[in-house]
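Next comes upload36.cif, with mmCIF, C-alpha atoms.
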```cif
data_structure
loop_
_atom_site.label_atom_id
_atom_site.label_comp_id
_atom_site.auth_asym_id
_atom_site.auth_seq_id
_atom_site.Cartn_x
_atom_site.Cartn_y
_atom_site.Cartn_z
CA MET A 1 -44.40 -17.83 30.50
CA ASP A 2 -40.86 -18.84 29.56
CA SER A 3 -40.34 -15.50 27.82
CA PHE A 4 -41.59 -13.65 30.88
CA PHE A 5 -39.12 -15.36 33.20
CA ILE A 6 -36.25 -14.76 30.76
CA LEU A 7 -37.12 -11.05 30.66
CA LEU A 8 -37.35 -10.94 34.45
CA LEU A 9 -33.94 -12.59 34.76
CA LEU A 10 -32.42 -10.04 32.39
CA LEU A 11 -33.86 -7.17 34.40
CA LEU A 12 -32.52 -8.59 37.65
CA THR A 13 -29.04 -9.03 36.22
CA CYS A 14 -28.84 -5.80 34.21
CA ASN A 15 -26.52 -4.17 36.73
CA SER A 16 -23.96 -6.94 36.40
CA CYS A 17 -24.28 -6.80 32.59
CA PHE A 18 -23.59 -3.08 32.79
CA THR A 19 -20.54 -3.70 34.99
CA TYR A 20 -18.80 -6.34 32.98
CA ASN A 21 -19.11 -4.52 29.66
CA LEU A 22 -17.06 -1.63 31.03
CA SER A 23 -13.39 -0.91 30.54
CA HIS A 24 -10.95 -0.37 33.38
CA CYS A 25 -10.43 3.20 34.53
CA HIS A 26 -7.13 5.01 34.78
CA PHE A 27 -7.01 6.99 38.00
CA PRO A 28 -3.86 9.13 38.01
CA ALA A 29 -4.46 10.29 41.59
CA ILE A 30 -6.46 9.73 44.78
CA PHE A 31 -7.76 12.52 46.98
CA ASN A 32 -8.91 11.12 50.31
CA PHE A 33 -11.10 12.67 52.99
CA GLY A 34 -11.90 11.14 56.36
CA ASP A 35 -10.92 10.26 59.90
CA SER A 36 -8.45 7.84 61.48
CA ASN A 37 -9.69 4.96 59.35
CA SER A 38 -7.84 6.54 56.44
CA ASP A 39 -5.41 9.01 58.03
CA THR A 40 -1.89 8.40 56.71
CA GLY A 41 -0.19 11.07 58.80
CA GLY A 42 -2.36 14.18 59.13
CA LEU A 43 -2.94 14.14 62.86
CA SER A 44 0.60 12.96 63.53
CA ALA A 45 1.99 15.90 61.57
CA VAL A 46 0.01 18.42 63.61
CA PHE A 47 -0.21 16.93 67.09
CA GLY A 48 2.73 14.52 67.24
CA GLN A 49 3.54 11.16 65.72
CA ALA A 50 1.49 8.09 66.62
CA PRO A 51 4.11 6.29 68.77
CA PRO A 52 5.53 2.78 68.43
CA PRO A 53 4.33 0.06 68.08
CA HIS A 54 2.01 1.68 65.50
CA GLY A 55 3.25 0.68 62.05
CA GLU A 56 5.30 -2.28 63.27
CA SER A 57 3.80 -5.00 61.06
CA TYR A 58 4.53 -3.37 57.71
CA PHE A 59 6.49 -0.13 57.95
CA HIS A 60 8.51 -1.35 60.96
CA HIS A 61 8.27 2.12 62.48
CA PRO A 62 5.51 4.69 63.10
CA ALA A 63 4.07 5.87 59.78
CA GLY A 64 1.31 8.29 60.79
CA ARG A 65 -1.28 5.52 60.88
CA TYR A 66 -3.21 4.33 63.93
CA CYS A 67 -2.67 0.73 62.95
CA ASP A 68 0.07 -1.88 63.00
CA GLY A 69 0.42 -1.46 59.22
CA ARG A 70 -1.62 -0.51 56.20
CA LEU A 71 -5.11 0.95 56.02
CA ILE A 72 -7.82 0.26 53.45
CA VAL A 73 -6.81 3.43 51.59
CA ASP A 74 -3.28 2.03 51.29
CA PHE A 75 -4.61 -1.14 49.68
CA ILE A 76 -6.72 0.98 47.33
CA ALA A 77 -3.61 2.85 46.24
CA GLU A 78 -1.72 -0.42 45.74
CA ARG A 79 -4.47 -1.86 43.55
CA LEU A 80 -4.55 1.27 41.40
CA GLY A 81 -0.77 1.16 40.97
CA LEU A 82 -0.27 4.40 42.90
CA PRO A 83 2.07 5.23 45.79
CA TYR A 84 0.71 5.56 49.32
CA LEU A 85 -0.89 8.93 49.90
CA SER A 86 1.08 11.65 51.65
CA ALA A 87 -0.87 13.57 54.26
CA TYR A 88 -1.62 17.11 53.12
CA LEU A 89 -0.55 18.44 56.51
CA ASP A 90 2.79 16.61 56.51
CA SER A 91 5.61 18.80 55.17
CA ILE A 92 8.35 16.22 55.64
CA GLY A 93 9.13 14.09 52.58
CA SER A 94 5.69 14.44 51.03
CA ASN A 95 4.96 13.88 47.35
CA PHE A 96 1.56 14.88 46.00
CA ARG A 97 2.09 13.93 42.36
CA HIS A 98 -0.53 11.19 42.62
CA GLY A 99 -2.90 12.77 45.12
CA ALA A 100 -3.13 13.89 48.71
CA ASN A 101 -4.74 12.73 51.92
CA PHE A 102 -6.79 15.30 53.82
CA ALA A 103 -8.06 12.83 56.45
CA THR A 104 -7.06 13.28 60.07
CA ALA A 105 -7.73 11.01 63.01
CA GLY A 106 -10.63 12.16 65.15
CA SER A 107 -12.27 14.15 62.35
CA THR A 108 -16.01 14.58 62.05
CA ILE A 109 -18.30 15.78 59.28
CA ARG A 110 -19.93 18.34 61.54
CA PRO A 111 -17.49 20.69 63.32
CA GLN A 112 -17.21 20.02 67.06
CA ASN A 113 -17.36 22.78 69.68
CA THR A 114 -14.50 21.27 71.68
CA THR A 115 -10.73 21.02 71.46
CA LEU A 116 -8.79 17.86 70.68
CA HIS A 117 -7.57 17.80 74.28
CA GLN A 118 -11.08 18.09 75.70
CA SER A 119 -12.87 15.52 73.58
CA GLY A 120 -10.37 13.63 71.44
CA TYR A 121 -12.02 14.94 68.26
CA SER A 122 -9.95 16.74 65.66
CA PRO A 123 -10.58 20.40 64.79
CA ILE A 124 -9.95 19.39 61.16
CA SER A 125 -13.54 18.50 60.33
CA LEU A 126 -14.71 17.74 56.79
CA ASP A 127 -15.35 21.41 55.96
CA VAL A 128 -11.74 22.20 56.90
CA GLN A 129 -10.54 19.30 54.76
CA TRP A 130 -12.55 20.76 51.89
CA ASN A 131 -10.88 24.16 52.41
CA GLU A 132 -7.50 22.45 52.36
CA PHE A 133 -8.36 20.69 49.11
CA PHE A 134 -9.68 23.88 47.52
CA ASP A 135 -6.45 25.69 48.38
CA PHE A 136 -4.33 22.74 47.25
CA HIS A 137 -6.15 22.55 43.93
CA ARG A 138 -5.48 26.20 43.15
CA ARG A 139 -1.99 26.68 44.58
CA SER A 140 -0.55 23.39 43.36
CA GLN A 141 -0.99 24.52 39.77
CA ILE A 142 0.56 27.92 40.42
CA VAL A 143 3.60 26.29 41.98
CA ARG A 144 3.76 23.48 39.41
CA SER A 145 4.02 26.04 36.62
CA LYS A 146 7.44 27.00 37.98
CA GLY A 147 8.74 23.67 36.67
CA GLY A 148 11.67 21.72 38.02
CA ILE A 149 11.04 19.58 41.09
CA TYR A 150 7.51 20.94 41.39
CA LYS A 151 6.43 19.05 38.28
CA LYS A 152 7.53 15.85 39.97
CA ILE A 153 5.75 16.35 43.30
CA LEU A 154 2.48 18.05 42.31
CA PRO A 155 -0.45 16.73 40.21
CA LYS A 156 -1.26 17.84 36.69
CA ALA A 157 -4.32 20.06 36.25
CA LYS A 158 -6.17 17.38 34.30
CA ASP A 159 -5.62 14.82 37.07
CA PHE A 160 -8.19 16.49 39.32
CA SER A 161 -11.09 15.54 37.05
CA ARG A 162 -9.76 12.03 36.44
CA ALA A 163 -8.83 11.27 40.05
CA LEU A 164 -10.69 9.03 42.49
CA TYR A 165 -12.15 10.89 45.47
CA THR A 166 -12.45 8.57 48.47
CA PHE A 167 -14.38 9.16 51.70
CA ASP A 168 -14.49 7.35 55.04
CA ILE A 169 -15.99 9.59 57.69
CA GLY A 170 -19.05 9.83 59.94
CA GLN A 171 -18.37 7.44 62.81
CA ASN A 172 -16.99 10.17 65.06
CA ASP A 173 -20.09 12.30 64.53
CA LEU A 174 -22.13 9.51 66.10
CA THR A 175 -19.85 8.62 68.99
CA ALA A 176 -19.44 12.33 69.83
CA GLY A 177 -23.11 12.51 70.78
CA TYR A 178 -22.95 9.45 73.00
CA PHE A 179 -19.82 10.74 74.73
CA LEU A 180 -21.78 13.91 75.56
CA ASN A 181 -24.37 11.67 77.26
CA MET A 182 -26.96 12.08 74.51
CA SER A 183 -29.62 9.43 74.08
CA THR A 184 -29.94 7.36 70.92
CA SER A 185 -32.92 9.43 69.79
CA GLU A 186 -30.93 12.64 70.30
CA VAL A 187 -28.04 11.29 68.24
CA LYS A 188 -30.41 10.23 65.47
CA ALA A 189 -32.00 13.69 65.50
CA TYR A 190 -28.85 15.41 64.25
CA VAL A 191 -27.92 12.81 61.62
CA PRO A 192 -29.84 14.65 58.83
CA GLU A 193 -27.78 17.78 59.51
CA VAL A 194 -24.55 15.76 59.36
CA LEU A 195 -25.57 14.19 56.06
CA ASP A 196 -26.56 17.58 54.67
CA GLN A 197 -23.08 18.89 55.39
CA PHE A 198 -21.58 15.81 53.73
CA LYS A 199 -23.75 16.47 50.66
CA ASN A 200 -22.42 20.02 50.46
CA ILE A 201 -18.79 18.87 50.43
CA ILE A 202 -19.42 16.35 47.64
CA SER A 203 -21.15 19.10 45.66
CA TYR A 204 -18.26 21.51 46.23
CA ILE A 205 -15.70 18.99 45.02
CA TYR A 206 -17.87 18.28 41.98
CA GLY A 207 -17.86 22.03 41.33
CA GLN A 208 -14.06 21.88 41.31
CA GLY A 209 -14.12 19.18 38.64
CA GLY A 210 -14.22 16.03 40.79
CA ARG A 211 -16.16 13.29 39.04
CA ASN A 212 -15.31 9.90 40.57
CA PHE A 213 -16.42 9.28 44.16
CA TRP A 214 -15.86 6.16 46.29
CA ILE A 215 -17.80 6.53 49.55
CA HIS A 216 -17.57 4.13 52.49
CA ASN A 217 -20.45 3.99 54.92
CA THR A 218 -19.68 3.93 58.64
CA GLY A 219 -18.77 0.79 60.56
CA PRO A 220 -20.36 -0.97 63.57
CA PHE A 221 -18.81 1.22 66.25
CA GLY A 222 -20.86 -0.69 68.82
CA CYS A 223 -18.26 -3.45 68.47
CA LEU A 224 -15.28 -1.25 69.33
CA ALA A 225 -13.59 -1.37 72.72
CA TYR A 226 -13.35 2.39 73.18
CA VAL A 227 -17.14 2.64 73.03
CA LEU A 228 -17.95 -0.51 75.00
CA ASP A 229 -15.45 0.40 77.72
CA ARG A 230 -16.60 3.99 78.07
CA ILE A 231 -20.35 3.32 78.11
CA PRO A 232 -20.95 -0.12 79.70
CA LEU A 233 -24.15 -1.89 78.64
CA SER A 234 -26.38 -4.51 80.21
CA GLU A 235 -26.54 -8.06 78.82
CA ALA A 236 -29.85 -7.25 77.16
CA GLU A 237 -28.16 -4.44 75.23
CA ILE A 238 -25.40 -6.68 73.86
CA ASP A 239 -25.80 -8.93 70.80
CA ASN A 240 -24.33 -12.38 70.12
CA ALA A 241 -21.06 -10.87 68.94
CA GLY A 242 -20.69 -8.86 72.14
CA CYS A 243 -21.51 -5.58 70.37
CA GLY A 244 -23.73 -2.76 71.59
CA ILE A 245 -27.07 -3.13 69.81
CA GLN A 246 -28.22 0.48 70.06
CA TYR A 247 -24.91 1.86 68.81
CA ASN A 248 -24.91 -0.35 65.75
CA GLU A 249 -28.54 0.55 65.06
CA VAL A 250 -27.52 4.22 64.96
CA ALA A 251 -24.67 3.35 62.58
CA GLN A 252 -27.18 1.61 60.31
CA TYR A 253 -29.55 4.58 60.58
CA PHE A 254 -26.74 6.85 59.43
CA ASN A 255 -25.88 4.46 56.60
CA ASP A 256 -29.48 4.27 55.40
CA GLY A 257 -29.51 8.05 55.17
CA LEU A 258 -26.14 8.11 53.44
CA LYS A 259 -27.28 5.62 50.79
CA LYS A 260 -30.40 7.66 50.07
CA LEU A 261 -28.24 10.76 49.84
CA VAL A 262 -25.97 9.08 47.27
CA ILE A 263 -29.01 8.29 45.12
CA LYS A 264 -30.04 11.95 45.24
CA LEU A 265 -26.53 13.12 44.44
CA ARG A 266 -26.42 10.96 41.32
CA LYS A 267 -29.38 12.91 39.99
CA LYS A 268 -28.09 16.28 41.17
CA LEU A 269 -24.56 15.73 39.81
CA PRO A 270 -25.19 14.13 36.40
CA HIS A 271 -21.54 13.76 35.41
CA ALA A 272 -20.47 12.11 38.67
CA ALA A 273 -19.77 8.40 39.14
CA ILE A 274 -20.63 7.73 42.79
CA THR A 275 -19.98 4.34 44.36
CA TYR A 276 -21.44 3.58 47.79
CA VAL A 277 -19.45 0.90 49.63
CA ASP A 278 -21.02 -1.11 52.44
CA ILE A 279 -18.10 -1.34 54.87
CA TYR A 280 -20.51 -1.88 57.77
CA SER A 281 -21.62 -5.34 56.66
CA LEU A 282 -18.06 -6.55 56.23
CA LYS A 283 -16.81 -5.23 59.53
CA TYR A 284 -19.77 -6.68 61.37
CA LYS A 285 -19.25 -10.00 59.63
CA LEU A 286 -15.77 -10.13 61.15
CA PHE A 287 -17.19 -9.63 64.64
CA ILE A 288 -20.04 -12.12 64.30
CA GLN A 289 -18.04 -14.80 62.41
CA THR A 290 -14.54 -14.13 63.71
CA ARG A 291 -13.00 -17.61 63.44
CA ASN A 292 -14.68 -18.37 60.13
CA HIS A 293 -12.54 -15.66 58.57
CA GLY A 294 -9.22 -16.63 60.10
CA PHE A 295 -9.19 -14.45 63.22
CA ASN A 296 -9.05 -15.48 66.87
CA GLU A 297 -9.79 -12.22 68.70
CA SER A 298 -12.53 -9.75 67.94
CA LEU A 299 -13.51 -7.27 70.65
CA ARG A 300 -10.27 -7.11 72.65
CA ALA A 301 -7.51 -4.77 71.53
CA CYS A 302 -4.28 -6.32 70.31
CA CYS A 303 -2.30 -3.33 71.58
CA GLY A 304 -3.49 -1.92 74.87
CA HIS A 305 -3.52 -2.16 78.61
CA GLY A 306 -5.89 -3.73 81.14
CA GLY A 307 -9.60 -4.23 81.51
CA LYS A 308 -12.10 -6.52 79.84
CA TYR A 309 -11.16 -5.29 76.36
CA ASN A 310 -7.43 -4.72 76.96
CA PHE A 311 -8.21 -1.03 76.58
CA ASN A 312 -7.57 1.98 78.79
CA LYS A 313 -8.48 5.41 77.44
CA HIS A 314 -5.81 6.98 79.65
CA ILE A 315 -2.99 4.62 78.57
CA GLY A 316 -3.35 3.64 74.95
CA CYS A 317 -1.29 1.60 72.53
CA GLY A 318 2.35 2.50 73.07
CA GLY A 319 1.53 4.17 76.38
CA LYS A 320 4.05 4.30 79.18
CA ILE A 321 3.88 4.82 82.94
CA LYS A 322 6.57 5.89 85.38
CA VAL A 323 7.59 3.48 88.09
CA LYS A 324 10.21 4.79 90.52
CA GLY A 325 11.23 7.42 87.98
CA LYS A 326 11.64 4.91 85.15
CA GLU A 327 9.34 4.75 82.13
CA ILE A 328 7.78 1.35 81.50
CA LEU A 329 5.82 0.41 78.38
CA VAL A 330 2.39 -0.94 79.34
CA GLY A 331 0.50 -0.36 76.07
CA LYS A 332 2.07 -3.43 74.51
CA PRO A 333 1.08 -5.20 71.28
CA CYS A 334 -0.10 -8.79 71.11
CA ASP A 335 2.23 -11.50 69.81
CA ASP A 336 0.45 -12.00 66.48
CA PRO A 337 -1.68 -9.11 65.16
CA THR A 338 -2.62 -11.14 62.06
CA VAL A 339 -5.23 -13.07 64.07
CA TRP A 340 -6.71 -10.04 65.82
CA ILE A 341 -9.41 -7.80 64.36
CA ASN A 342 -8.94 -4.79 66.62
CA TRP A 343 -5.57 -3.11 66.89
CA ASP A 344 -5.83 -0.57 69.69
CA GLY A 345 -9.45 -0.58 70.82
CA VAL A 346 -10.45 1.99 68.22
CA HIS A 347 -8.95 0.89 64.91
CA PHE A 348 -8.61 -2.29 62.90
CA THR A 349 -5.42 -4.28 62.39
CA GLN A 350 -3.68 -4.39 59.03
CA ALA A 351 -4.88 -8.01 58.66
CA ALA A 352 -8.52 -6.96 59.16
CA ASN A 353 -8.13 -3.98 56.80
CA GLN A 354 -6.65 -6.25 54.15
CA TRP A 355 -9.45 -8.80 54.54
CA ILE A 356 -12.06 -6.05 54.17
CA PHE A 357 -10.33 -4.60 51.12
CA HIS A 358 -10.28 -7.98 49.36
CA GLN A 359 -14.07 -8.20 49.83
CA ILE A 360 -14.84 -4.72 48.46
CA VAL A 361 -12.37 -4.49 45.58
CA ASP A 362 -14.52 -6.48 43.13
CA GLY A 363 -17.69 -4.50 43.85
CA SER A 364 -19.49 -7.24 45.79
CA PHE A 365 -20.43 -4.79 48.56
CA SER A 366 -20.87 -1.72 46.37
CA ASP A 367 -23.83 0.11 44.92
CA PRO A 368 -23.62 -0.05 41.96
CA PRO A 369 -21.87 -3.46 42.10
CA ILE A 370 -18.83 -2.12 40.30
CA PRO A 371 -15.16 -3.01 40.92
CA LEU A 372 -12.74 -0.40 42.20
CA THR A 373 -10.94 -0.33 38.86
CA MET A 374 -14.19 0.59 37.07
CA ALA A 375 -15.43 3.24 39.48
CA CYS A 376 -15.18 6.01 36.89
CA HIS A 377 -18.29 4.74 35.11
CA ARG A 378 -21.66 6.27 35.95
CA GLN A 379 -24.59 4.06 36.82
CA PRO A 380 -27.57 4.52 34.48
CA LEU A 381 -30.26 6.43 36.34
CA GLN A 382 -33.40 4.40 36.96
#
```

Could I get this structure in the form of structure tokens?
Amino acid sequence: MDSFFILLLLLLTCNSCFTYNLSHCHFPAIFNFGDSNSDTGGLSAVFGQAPPPHGESYFHHPAGRYCDGRLIVDFIAERLGLPYLSAYLDSIGSNFRHGANFATAGSTIRPQNTTLHQSGYSPISLDVQWNEFFDFHRRSQIVRSKGGIYKKILPKAKDFSRALYTFDIGQNDLTAGYFLNMSTSEVKAYVPEVLDQFKNIISYIYGQGGRNFWIHNTGPFGCLAYVLDRIPLSEAEIDNAGCGIQYNEVAQYFNDGLKKLVIKLRKKLPHAAITYVDIYSLKYKLFIQTRNHGFNESLRACCGHGGKYNFNKHIGCGGKIKVKGKEILVGKPCDDPTVWINWDGVHFTQAANQWIFHQIVDGSFSDPPIPLTMACHRQPLQ
């Protein structure tokens, strides 16, 4: 019996044995795809800069991020010893030597049949981001071959296969349905199509030589002010954290499908190292155990204006109104963003992003349970 239990223990811990026998990876570049959770200037470059006080806590001026400072992707770059990613769409002062960011705020996996003005969703959906990457991959090498400054601002050909490909997208696909007055069952019905399109993009990037994928699942958008304010719920539809139960159930439904898809992709793409990161659990933990993790405010926006959640979809963070011909700032920030989870009703504060990053960097919330710095290693297929 003792031998049996020893064998069982070894089987249960084989993943951790696999992890800690691995060497650290060298990622020369990051190529990021996503929405506002990882946009470092894409939407700002196309539709106008995110206004002050965005960026105030770290950059001390607007920096293309819908946050008071750094995003999770910024902390990933820091840990890997790489500079912050320049947005692919930003032509001012960009340097792509160590990667590029194709994410734009408001992006979805599935293209939307509306304009940014009509719905708030970006026309730069994941398929467009893929097209941008495909073009960048090809043209960057043509231009780099000219030498000079181009060798300093564009990646080497071999860096594309050694790079880390990061993804944080999907939340907007779910909220888009609700904002069109769809029921929960109707939103769930199109999730397989969304995931199928995500699968295609991963496969396309693999076909271009991408091998190392770091994929975040979607967060508990039922805890975000812009959803709770726009679609009020009854007390029975709200959980102990004040979050919308049905919305978070849809997020979990999406995540279950995403995790199953990752397992399939590992078999389909045998040379790929694919890490699935459970961002949902960490973000929800902040909402349900706010003070235990050093925060004072959860659902209310640090930077906003009016209402139960300090959020107004017509006057956002940095928003101004005219009073007797004079502009007055009403979308003001809170005094101390470091103790707030939500920045502007839609996005997390730098403090929350940093807390989340510190939880995921060692692989504790990853499948396989592998640290960021070892994410180039494939998990043995079971």

Given all atoms listed in the file, how would the per-residue table for stretch 177-275 of chain A near stretch 28-39 of chain A read, listing every residue at most 10 Å away with its closest atom pair and distance in Å to one decimal, sorted by chain and number, as JSON lines?
```
{"residue": "A:Gly210", "atom": "CA", "partner": "A:Phe31", "partner_atom": "CA", "distance": 9.6}
{"residue": "A:Asn212", "atom": "CA", "partner": "A:Ile30", "partner_atom": "CA", "distance": 9.8}
{"residue": "A:Phe213", "atom": "CA", "partner": "A:Phe31", "partner_atom": "CA", "distance": 9.7}
{"residue": "A:Trp214", "atom": "CA", "partner": "A:Asn32", "partner_atom": "CA", "distance": 9.4}
{"residue": "A:Ile215", "atom": "CA", "partner": "A:Phe33", "partner_atom": "CA", "distance": 9.7}
{"residue": "A:His216", "atom": "CA", "partner": "A:Gly34", "partner_atom": "CA", "distance": 9.8}
```

Starting from the shown file, work through the PyMOL selection byres ((chain A and resi 68-83) around 7) and note down what comes out as an NGL selection string. :A and (37-38 or 53-59 or 67 or 84-85 or 98 or 343 or 349-350 or 353-354 or 357)

Within 12 Å of (-17.1, 2.4, 81.3), in the coordinates the file gives, what residues turn up when you count all atoms listed in the file, written out as a list in words?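 Output of the proximity query reads Phe179, Ala225, Tyr226, Val227, Leu228, Asp229, Arg230, Ile231, Pro232, Leu233, Ser234, Gly307, Lys308, Tyr309, Phe311, Asn312 and Lys313 of chain A.
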
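Comparing the minimum interatomic distances between A:Arg300 and each of A:Asn131, A:Thr275, A:Gln171, A:Asn342, counting all atoms listed in the file, we find that A:Asn342 sits nearest.
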
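With all atoms listed in the file as the atoms that count, the minimum distance from A:Thr175 to the choices A:Arg138, A:Lys188, A:Arg97, A:His305 is reached by A:Lys188.
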
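Remark: residues at most 8 Å from position (-21.1, -3.5, 69.7) in file coordinates are Pro220, Phe221, Gly222, Cys223, Leu224, Leu228, Ile238, Asp239, Ala241, Gly242, Cys243, Gly244, Ile245, Tyr247 and Asn248 of chain A, using only C-alpha atoms.
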
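Computed from the coordinates, the atom CA of A:Glu132 to atom CA of A:Tyr88 distance equals 8.0 Å.
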
Record the distance separating atom CA of A:Pro123 and atom CA of A:Gly41, expressed in Å with one decimal.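 Between atom CA of A:Pro123 and atom CA of A:Gly41 the gap is 15.2 Å.
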
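With all atoms listed in the file as the atoms that count, the minimum distance from A:Thr338 to the choices A:Lys285, A:Lys156, A:His26, A:His293 is reached by A:His293.
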
By how many Å are atom CA of A:Gln141 and atom CA of A:Ile205 apart? 16.6 Å

Care to translate the PyMOL selection byres ((chain A and resi 202) around 10) into actual residues of this file, as a ChimeraX atom specification? /A:130,165,167,197-201,203-208,210-211,213,262,265,269,272,274

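Between A:Arg378 and the residues A:Ala273, A:Ala301, A:Ala236, A:Val194, the shortest atom-to-atom distance, using all atoms listed in the file, involves A:Ala273.
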
Spatial neighbours of A:Ala50, 7 Å, only C-alpha atoms, chain gap at least 3 places, as a PyMOL selection string: chain A and resi 44+54+62+64-66

Hits of the PyMOL selection byres ((chain A and resi 177) around 12) in this structure, as an NGL selection string: :A and (108 or 110 or 112-113 or 119 or 121 or 170-176 or 178-191 or 194 or 227 or 247 or 250)

Which residue of A:Gln379, A:Asn240, A:Ser91, A:Ser281 approaches A:Gln359 most closely, using all atoms listed in the file: A:Ser281

Of the candidates A:Ile124, A:Ile360, A:Ala100, A:Leu195, which one gets nearest to A:Leu154 if we count only C-alpha atoms?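 Looking at the shortest contact to A:Leu154, the residue is A:Ala100.
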